[in-house]
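Coordinates from upload_18.cif are shown below (mmCIF, C-alpha atoms and all ligand atoms).
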data_data
#
loop_
_atom_site.label_atom_id
_atom_site.label_comp_id
_atom_site.auth_asym_id
_atom_site.auth_seq_id
_atom_site.Cartn_x
_atom_site.Cartn_y
_atom_site.Cartn_z
CA PRO A 143 -10.60 14.96 -15.41
CA ARG A 144 -9.27 11.41 -15.14
CA ARG A 145 -9.14 10.19 -11.54
CA VAL A 146 -5.73 9.76 -9.96
CA ARG A 147 -5.24 6.13 -9.00
CA VAL A 148 -2.47 4.45 -7.06
CA HIS A 149 -0.75 3.09 -10.18
CA HIS A 150 -0.49 6.64 -11.54
CA LEU A 151 1.68 7.56 -8.55
CA ARG A 152 4.16 4.78 -9.28
CA GLU A 153 4.18 5.72 -12.98
CA ALA A 154 4.89 9.34 -12.02
CA LYS A 155 7.90 8.16 -10.02
CA GLU A 156 9.16 6.14 -12.98
CA ARG A 157 8.86 9.23 -15.20
CA GLY A 158 10.54 11.44 -12.60
CA GLU A 159 7.44 13.63 -12.15
CA ARG A 160 6.97 15.04 -8.65
CA LEU A 161 3.70 14.39 -6.83
CA THR A 162 1.74 16.99 -4.87
CA MET A 163 -0.28 16.17 -1.77
CA LEU A 164 -2.10 18.41 0.71
CA THR A 165 -4.30 17.77 3.68
CA ALA A 166 -8.00 18.64 3.37
CA TYR A 167 -10.65 18.51 6.06
CA ASP A 168 -13.78 19.97 4.44
CA ALA A 169 -15.61 20.21 1.13
CA PRO A 170 -14.89 23.80 0.00
CA THR A 171 -11.12 23.61 0.51
CA ALA A 172 -11.00 20.11 -1.01
CA GLN A 173 -12.76 21.46 -4.11
CA VAL A 174 -10.24 24.30 -4.46
CA PHE A 175 -7.25 21.97 -4.02
CA ASP A 176 -8.70 19.43 -6.47
CA GLU A 177 -9.45 22.06 -9.12
CA ALA A 178 -5.88 23.36 -8.72
CA GLY A 179 -4.59 19.91 -9.73
CA THR A 180 -3.33 18.54 -6.42
CA ASP A 181 -2.70 14.81 -6.97
CA VAL A 182 -3.51 13.46 -3.51
CA LEU A 183 -5.71 14.88 -0.76
CA LEU A 184 -5.03 13.51 2.69
CA VAL A 185 -7.75 13.67 5.28
CA GLY A 186 -5.08 13.70 7.94
CA ASP A 187 -5.62 13.15 11.62
CA SER A 188 -3.80 16.50 11.78
CA LEU A 189 -7.39 17.79 11.71
CA GLY A 190 -7.08 17.29 15.49
CA ASP A 191 -4.71 20.28 15.72
CA ASN A 192 -5.81 22.10 12.56
CA PHE A 193 -9.59 21.85 12.68
CA TYR A 194 -10.60 21.00 16.25
CA GLY A 195 -7.83 22.90 18.03
CA TYR A 196 -6.52 19.94 20.07
CA SER A 197 -2.85 20.05 20.93
CA THR A 198 -2.14 16.58 19.42
CA THR A 199 -3.71 14.05 17.04
CA VAL A 200 -4.26 11.53 19.86
CA PRO A 201 -7.92 12.42 20.68
CA VAL A 202 -9.12 12.14 17.04
CA THR A 203 -11.85 9.48 16.65
CA VAL A 204 -12.84 7.20 13.78
CA ASP A 205 -16.23 8.95 13.63
CA GLN A 206 -14.54 12.32 13.16
CA MET A 207 -12.36 10.86 10.40
CA ILE A 208 -15.49 9.49 8.71
CA HIS A 209 -17.33 12.84 8.82
CA HIS A 210 -14.40 14.78 7.35
CA THR A 211 -13.49 12.12 4.79
CA ARG A 212 -17.07 12.08 3.50
CA ALA A 213 -16.95 15.87 3.10
CA VAL A 214 -13.74 15.63 1.08
CA THR A 215 -14.62 12.67 -1.15
CA GLY A 216 -17.93 14.32 -2.05
CA ALA A 217 -16.14 17.45 -3.31
CA VAL A 218 -13.35 15.87 -5.32
CA ARG A 219 -13.38 14.84 -9.00
CA ARG A 220 -9.74 14.07 -9.75
CA ALA A 221 -7.56 13.73 -6.64
CA LEU A 222 -6.88 10.45 -4.84
CA VAL A 223 -8.38 10.77 -1.35
CA VAL A 224 -6.42 9.09 1.43
CA ALA A 225 -7.81 8.92 4.98
CA ASP A 226 -5.66 8.52 8.11
CA LEU A 227 -6.45 5.77 10.58
CA PRO A 228 -6.48 7.64 13.91
CA PHE A 229 -4.61 6.68 17.09
CA GLY A 230 -6.05 3.56 18.74
CA SER A 231 -7.99 2.37 15.68
CA TYR A 232 -5.51 -0.06 14.09
CA GLU A 233 -2.30 -0.69 16.03
CA ALA A 234 -3.30 -3.75 18.07
CA SER A 235 -4.02 -6.06 15.12
CA PRO A 236 -4.35 -6.32 11.35
CA VAL A 237 -8.01 -7.28 11.85
CA HIS A 238 -8.67 -4.06 13.80
CA ALA A 239 -6.93 -2.04 11.08
CA HIS A 240 -9.06 -3.78 8.46
CA ALA A 241 -12.32 -3.05 10.31
CA THR A 242 -11.47 0.67 10.63
CA ALA A 243 -10.34 0.98 7.02
CA VAL A 244 -13.52 -0.71 5.78
CA ARG A 245 -15.61 1.89 7.64
CA LEU A 246 -13.64 4.74 6.03
CA MET A 247 -14.21 3.24 2.59
CA LYS A 248 -17.86 2.17 2.96
CA GLU A 249 -19.17 5.08 5.05
CA ALA A 250 -16.96 7.88 3.72
CA GLY A 251 -15.78 6.86 0.26
CA ALA A 252 -12.03 6.95 1.00
CA HIS A 253 -9.95 5.67 -1.92
CA ALA A 254 -7.06 4.58 0.32
CA VAL A 255 -5.91 4.76 3.94
CA LYS A 256 -2.69 5.75 5.70
CA PHE A 257 -1.33 4.70 9.05
CA GLU A 258 1.88 5.18 10.99
CA GLY A 259 4.64 2.65 11.59
CA GLY A 260 7.15 0.35 9.92
CA ARG A 261 7.81 -3.39 10.31
CA ARG A 262 5.42 -3.49 13.27
CA VAL A 263 2.45 -2.73 10.98
CA ALA A 264 3.63 -4.62 7.88
CA PRO A 265 1.12 -7.45 8.59
CA HIS A 266 -1.64 -4.82 8.75
CA VAL A 267 -0.58 -3.39 5.37
CA GLU A 268 -0.51 -6.88 3.86
CA LEU A 269 -4.01 -7.82 5.05
CA LEU A 270 -5.55 -4.54 3.86
CA THR A 271 -3.81 -4.50 0.48
CA GLY A 272 -4.84 -8.11 -0.07
CA SER A 273 -8.41 -7.15 0.78
CA GLY A 274 -8.57 -4.37 -1.82
CA ILE A 275 -7.66 -1.41 0.38
CA PRO A 276 -4.66 0.60 -0.86
CA VAL A 277 -2.34 1.63 1.97
CA MET A 278 0.07 4.56 2.26
CA GLY A 279 2.78 4.18 4.91
CA HIS A 280 4.11 6.90 7.25
CA LEU A 281 7.62 6.78 8.72
CA GLY A 282 10.06 9.10 10.48
CA PHE A 283 8.39 11.40 12.97
CA THR A 284 5.00 9.80 13.54
CA PRO A 285 2.84 12.22 15.55
CA GLN A 286 0.66 9.51 17.13
CA SER A 287 3.81 8.22 18.91
CA GLU A 288 5.01 11.64 20.04
CA ASN A 289 4.96 10.53 23.68
CA VAL A 290 7.32 7.63 22.94
CA LEU A 291 9.54 9.56 20.52
CA GLY A 292 10.11 12.35 23.03
CA GLY A 293 8.51 15.24 21.16
CA LYS A 294 8.55 16.55 17.59
CA ARG A 295 12.07 15.44 16.66
CA VAL A 296 13.92 14.54 13.48
CA GLN A 297 14.05 10.73 13.11
CA GLY A 298 16.67 8.53 11.46
CA ARG A 299 19.77 10.49 12.49
CA GLY A 300 22.84 8.26 12.84
CA GLN A 301 23.80 5.05 11.07
CA GLU A 302 21.71 2.65 13.13
CA ALA A 303 18.52 4.74 13.06
CA ALA A 304 18.97 5.28 9.30
CA GLU A 305 19.24 1.53 8.72
CA HIS A 306 16.13 0.91 10.83
CA LEU A 307 14.14 3.47 8.85
CA THR A 308 15.29 2.01 5.53
CA GLU A 309 14.32 -1.50 6.69
CA ASP A 310 10.91 -0.16 7.75
CA ALA A 311 10.37 1.46 4.35
CA LEU A 312 11.30 -1.75 2.53
CA ALA A 313 8.99 -3.78 4.78
CA LEU A 314 6.06 -1.47 3.99
CA GLN A 315 6.76 -1.72 0.25
CA GLU A 316 7.11 -5.50 0.48
CA ALA A 317 3.77 -5.68 2.34
CA GLY A 318 2.09 -3.78 -0.51
CA ALA A 319 2.11 -0.10 0.47
CA PHE A 320 1.65 2.08 -2.65
CA ALA A 321 3.60 5.06 -1.23
CA VAL A 322 5.40 6.07 1.96
CA VAL A 323 5.31 9.42 3.75
CA LEU A 324 8.65 10.44 5.29
CA GLU A 325 8.19 13.04 8.03
CA MET A 326 11.12 14.95 9.61
CA VAL A 327 13.83 12.73 8.19
CA PRO A 328 17.31 14.05 7.27
CA ALA A 329 17.30 15.00 3.57
CA PRO A 330 20.20 12.66 2.62
CA LEU A 331 18.47 9.68 4.26
CA ALA A 332 15.15 10.53 2.57
CA ALA A 333 17.00 10.71 -0.77
CA GLN A 334 18.54 7.29 -0.12
CA VAL A 335 15.18 5.72 0.81
CA THR A 336 13.62 7.30 -2.29
CA GLU A 337 16.36 5.70 -4.40
CA VAL A 338 15.91 2.26 -2.82
CA LEU A 339 12.09 2.12 -3.03
CA THR A 340 10.18 1.49 -6.26
CA VAL A 341 7.05 3.06 -4.74
CA PRO A 342 6.97 6.85 -4.30
CA THR A 343 8.10 8.64 -1.17
CA ILE A 344 6.17 11.74 -0.11
CA GLY A 345 8.22 14.07 2.06
CA ILE A 346 7.32 16.54 4.79
CA GLY A 347 10.43 17.98 6.37
CA ALA A 348 12.40 15.37 4.39
CA GLY A 349 14.21 17.44 1.75
CA ALA A 350 13.76 17.92 -1.97
CA GLN A 351 14.70 14.47 -3.26
CA CYS A 352 11.46 12.71 -2.28
CA ASP A 353 9.12 11.73 -5.13
CA GLY A 354 6.48 14.12 -3.81
CA GLN A 355 5.74 16.61 -1.07
CA VAL A 356 2.91 17.04 1.41
CA LEU A 357 2.00 19.95 3.68
CA VAL A 358 -0.73 20.54 6.20
CA TRP A 359 -2.92 22.95 4.26
CA PRO A 360 -3.29 25.78 6.84
CA ASP A 361 0.55 25.88 6.97
CA MET A 362 0.74 25.94 3.14
CA ALA A 363 -1.79 28.78 2.90
CA GLY A 364 -0.52 30.89 5.80
CA LEU A 365 -3.59 30.39 8.00
CA SER A 366 -1.85 28.75 10.98
CA ASP A 367 -0.74 30.88 13.92
CA TRP A 368 2.31 28.60 14.24
CA SER A 369 3.98 26.31 11.69
CA PRO A 370 6.99 24.02 11.83
CA ARG A 371 10.30 25.11 10.25
CA PHE A 372 9.88 22.67 7.34
CA ALA A 373 6.60 24.26 6.20
CA LYS A 374 6.35 27.19 3.81
CA ALA A 375 3.42 29.61 3.64
CA PHE A 376 2.51 30.17 -0.03
CA GLY A 377 -0.16 32.70 0.89
CA ASP A 378 -1.39 34.86 3.77
CA LEU A 379 -4.84 33.48 4.45
CA ARG A 380 -4.68 34.59 8.06
CA GLY A 381 -4.06 38.16 6.92
CA ALA A 382 -6.70 38.00 4.17
CA LEU A 383 -9.35 36.55 6.47
CA GLY A 384 -8.52 39.01 9.21
CA ALA A 385 -8.83 41.92 6.76
CA ALA A 386 -12.18 40.64 5.47
CA VAL A 387 -13.71 40.24 8.91
CA THR A 388 -12.35 43.63 10.06
CA ALA A 389 -14.01 45.28 7.03
CA TYR A 390 -17.27 43.39 7.68
CA ASN A 391 -17.35 44.42 11.33
CA ALA A 392 -16.68 48.06 10.39
CA GLU A 393 -19.44 48.17 7.73
CA VAL A 394 -22.00 46.55 10.01
CA ARG A 395 -21.17 49.04 12.74
CA SER A 396 -21.27 52.02 10.37
CA GLY A 397 -24.45 50.89 8.62
CA ALA A 398 -22.67 50.70 5.21
CA PHE A 399 -23.61 47.01 4.99
CA PRO A 400 -26.14 45.88 3.90
CA ALA A 401 -26.61 48.34 0.98
CA ASP A 402 -29.69 48.54 -1.27
CA GLU A 403 -28.41 45.78 -3.56
CA HIS A 404 -28.28 43.36 -0.61
CA SER A 405 -31.83 44.21 0.44
CA PHE A 406 -35.30 43.23 -0.83
CA ASP A 407 -38.20 45.47 -1.83
CA ASN A 408 -41.78 44.94 -0.73
O1 LIG B 501 -2.18 14.03 9.40
C1 LIG B 501 -1.41 14.56 8.57
O2 LIG B 501 -1.58 15.72 8.15
C2 LIG B 501 -0.28 13.76 8.09
C3 LIG B 501 0.69 14.43 7.16
C4 LIG B 501 1.52 15.42 7.92
C5 LIG B 501 1.51 13.46 6.43
O3 LIG B 501 -0.17 12.63 8.44
NA NA B 502 -1.52 11.98 10.15
#

Written as structure tokens, that's how I'd like the structure from this file.
Ligand code: KIV
Ligand code: NA
Amino acid sequence: PRRVRVHHLREAKERGERLTMLTAYDAPTAQVFDEAGTDVLLVGDSLGDNFYGYSTTVPVTVDQMIHHTRAVTGAVRRALVVADLPFGSYEASPVHAHATAVRLMKEAGAHAVKFEGGRRVAPHVELLTGSGIPVMGHLGFTPQSENVLGGKRVQGRGQEAAEHLTEDALALQEAGAFAVVLEMVPAPLAAQVTEVLTVPTIGIGAGAQCDGQVLVWPDMAGLSDWSPRFAKAFGDLRGALGAAVTAYNAEVRSGAFPADEHSFDN
């Protein structure tokens, strides 16, 4: 299959074709998502909650992002692999952002990076894009700033906040971002931003008018024990996995497993 590249995403927007994106944190799931035709795989810092069991993304390190990104890039043939820059690894300066992004590309094979913020990080986006590193923006509810935003709350409600978010989106596009994630943004505002931008918007809790959608994969597959209201479970992996392990435990205890066909002769 032909690799998805950043220009394909913009062309998809021009043709009115919706983009699909999912998080991925390991090789086997990345392979399944890639084979199913998912356009973009995001090695999100949401692996903090969804892989390591932390309560936020704040503790996630660059080394963790490198390990997981390498696992995903090694398993993928078609999808564009985007790696998040974790909290504390880019905010203070464009040069810091560049150094972190270079590690994710050189050591882990990331095709692009994503980081949170609007006008404040536009200089970072400009330096990276100019240095050959494609950047995806992330606006609205930005989990790394949860402590400043006052919890997981919808962002961009009200005229002033909506104007700020639109200005942020335009600044990211102007700085060279190839796409912008909109998280927990009112659907009408997300539709307006999608209309104004020439680069694609990827929504999560941002309504149906974005150019694409992203979900955290355990939410998408019904593996999470809790998911936000904006997520939809398209499967029941938690139920399926629970049933498999219950059957395994029962057969080991009864002696039904292993059978002859799982055993070796002399
Ligand atoms: O880390 C992540 O999973 C994300 C998506 C929710 C966009 O940033
Ligand atoms: Na993230």

Output, as AutoDock Vina command-line options, the centre and edge lengths in Å (one decimal) of the axis-aligned box that contains all listed atoms of ligand LIG 501 (chain B) with 5 Å of margin on each side.
--center_x -0.3 --center_y 14.2 --center_z 7.9 --size_x 13.7 --size_y 13.1 --size_z 13.0

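The list of residues with at least one atom within 10 Å of A:Arg144, based on only C-alpha atoms and without residues fewer than 2 positions apart in the same chain, reads Val146, Arg147, Arg219, Arg220 and Ala221 of chain A.
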
Would you mind listing, for every residue of chain A within 8 Å of ligand NA 502 (chain B), the two atoms forming the shortest contact and the distance between them in Å to one decimal, using all atoms listed in the file, sorted by chain and ascending residue number, as a tab-separated table?
residue	atom	partner	partner_atom	distance
A:Gly186	CA	B:NA502	NA	4.5
A:Asp187	CA	B:NA502	NA	4.5
A:Ser188	CA	B:NA502	NA	5.3
A:Thr199	CA	B:NA502	NA	7.5
A:Asp226	CA	B:NA502	NA	5.8
A:Leu227	CA	B:NA502	NA	7.9
A:Pro228	CA	B:NA502	NA	7.6
A:Lys256	CA	B:NA502	NA	7.7
A:Phe257	CA	B:NA502	NA	7.4
A:Glu258	CA	B:NA502	NA	7.6
A:Thr284	CA	B:NA502	NA	7.7
A:Pro285	CA	B:NA502	NA	6.9
A:Gln286	CA	B:NA502	NA	7.7

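Closest to A:Val338 among A:Gln315, A:Gln173, A:Ser366, A:Asn192 is A:Gln315, based on only C-alpha atoms.
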
For ligand LIG 501 (chain B), return the neighbouring residues as a ChimeraX atom specification (distance at most 7 Å; only C-alpha atoms and all ligand atoms). /A:165,184-189,226,323,325,346,356-358

Hey, can you check how far atom CA of A:Gly364 sits from atom CA of A:Tyr196? 19.0 Å

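The residue that comes closest to A:Ala264, out of A:Pro342, A:Gly195, A:Pro236, A:Pro370 and on the basis of only C-alpha atoms, is A:Pro236.
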
Which residue out of A:Arg380, A:Arg395, A:His306, A:Lys155 has the minimum interatomic distance to A:Val341 when all atoms listed in the file are used? A:Lys155

Here is a test: counting all atoms listed in the file, which residue of A:Ala213, A:Ala225, A:Met362, A:Ala317 is nearest to A:Ala375?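 Residue with the minimum atom-to-atom distance to A:Ala375: A:Met362.
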
Could you give me, as a list of chain:residue names, the residues that sit within 9 Å of (14.6, 9.2, -5.8) in the file's coordinates, counting all atoms listed in the file?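 Residues found, by chain and rising number: A:Lys155, A:Gly158, A:Ala332, A:Ala333, A:Gln334, A:Val335, A:Thr336, A:Glu337, A:Val338, A:Leu339, A:Thr340, A:Pro342, A:Thr343, A:Gln351, A:Cys352, A:Asp353.
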
Please reconstruct the missing atoms of stretch 211-243 of chain A (target: N, CA and C atoms) and return them as a compact mmCIF listing (two decimals), keeping the file's coordinate frame.
# COMPACT_ATOMS: atom_id res chain seq x y z
N THR A 211 -13.82 12.82 6.04
CA THR A 211 -13.49 12.12 4.79
C THR A 211 -14.68 12.17 3.83
N ARG A 212 -15.88 12.01 4.35
CA ARG A 212 -17.07 12.08 3.50
C ARG A 212 -17.20 13.46 2.85
N ALA A 213 -16.90 14.50 3.63
CA ALA A 213 -16.95 15.87 3.10
C ALA A 213 -15.96 16.04 1.94
N VAL A 214 -14.78 15.47 2.09
CA VAL A 214 -13.74 15.63 1.08
C VAL A 214 -14.03 14.79 -0.16
N THR A 215 -14.39 13.54 0.02
CA THR A 215 -14.62 12.67 -1.15
C THR A 215 -15.78 13.20 -1.99
N GLY A 216 -16.78 13.79 -1.32
CA GLY A 216 -17.93 14.32 -2.05
C GLY A 216 -17.60 15.53 -2.91
N ALA A 217 -16.48 16.19 -2.62
CA ALA A 217 -16.14 17.45 -3.31
C ALA A 217 -15.11 17.27 -4.41
N VAL A 218 -14.52 16.08 -4.48
CA VAL A 218 -13.35 15.87 -5.32
C VAL A 218 -13.70 15.10 -6.59
N ARG A 219 -13.15 15.54 -7.74
CA ARG A 219 -13.38 14.84 -9.00
C ARG A 219 -12.16 14.11 -9.49
N ARG A 220 -10.95 14.65 -9.20
CA ARG A 220 -9.74 14.07 -9.75
C ARG A 220 -8.81 13.45 -8.71
N ALA A 221 -8.59 14.13 -7.60
CA ALA A 221 -7.56 13.73 -6.64
C ALA A 221 -7.85 12.37 -5.99
N LEU A 222 -6.78 11.67 -5.65
CA LEU A 222 -6.88 10.45 -4.84
C LEU A 222 -7.07 10.89 -3.38
N VAL A 223 -8.11 10.37 -2.74
CA VAL A 223 -8.38 10.77 -1.35
C VAL A 223 -7.94 9.67 -0.39
N VAL A 224 -6.98 10.02 0.45
CA VAL A 224 -6.42 9.09 1.43
C VAL A 224 -6.87 9.53 2.81
N ALA A 225 -7.36 8.58 3.63
CA ALA A 225 -7.81 8.92 4.98
C ALA A 225 -6.87 8.28 6.00
N ASP A 226 -6.49 9.05 7.02
CA ASP A 226 -5.66 8.52 8.11
C ASP A 226 -6.48 7.61 9.01
N LEU A 227 -5.87 6.53 9.48
CA LEU A 227 -6.45 5.77 10.58
C LEU A 227 -5.96 6.43 11.87
N PRO A 228 -6.90 6.89 12.73
CA PRO A 228 -6.48 7.64 13.91
C PRO A 228 -5.90 6.73 15.01
N PHE A 229 -5.22 7.37 15.95
CA PHE A 229 -4.61 6.68 17.09
C PHE A 229 -5.63 5.75 17.77
N GLY A 230 -5.20 4.51 18.01
CA GLY A 230 -6.05 3.56 18.74
C GLY A 230 -7.02 2.79 17.87
N SER A 231 -6.99 3.01 16.55
CA SER A 231 -7.99 2.37 15.68
C SER A 231 -7.41 1.28 14.79
N TYR A 232 -6.12 0.93 14.99
CA TYR A 232 -5.51 -0.06 14.09
C TYR A 232 -4.30 -0.78 14.66
N GLU A 233 -3.62 -0.20 15.64
CA GLU A 233 -2.30 -0.69 16.03
C GLU A 233 -2.31 -2.12 16.54
N ALA A 234 -3.35 -2.49 17.32
CA ALA A 234 -3.30 -3.75 18.07
C ALA A 234 -3.37 -4.99 17.18
N SER A 235 -3.96 -4.88 15.98
CA SER A 235 -4.02 -6.06 15.12
C SER A 235 -4.38 -5.70 13.68
N PRO A 236 -3.95 -6.53 12.74
CA PRO A 236 -4.35 -6.32 11.35
C PRO A 236 -5.87 -6.33 11.18
N VAL A 237 -6.54 -7.18 11.95
CA VAL A 237 -8.01 -7.28 11.85
C VAL A 237 -8.67 -5.97 12.28
N HIS A 238 -8.14 -5.35 13.34
CA HIS A 238 -8.67 -4.06 13.80
C HIS A 238 -8.45 -2.99 12.72
N ALA A 239 -7.24 -2.99 12.15
CA ALA A 239 -6.93 -2.04 11.08
C ALA A 239 -7.90 -2.22 9.91
N HIS A 240 -8.17 -3.47 9.57
CA HIS A 240 -9.06 -3.78 8.46
C HIS A 240 -10.47 -3.25 8.74
N ALA A 241 -10.96 -3.49 9.95
CA ALA A 241 -12.32 -3.05 10.31
C ALA A 241 -12.43 -1.52 10.21
N THR A 242 -11.43 -0.80 10.68
CA THR A 242 -11.47 0.67 10.63
C THR A 242 -11.40 1.16 9.18
N ALA A 243 -10.50 0.55 8.41
CA ALA A 243 -10.34 0.98 7.02
C ALA A 243 -11.60 0.72 6.21
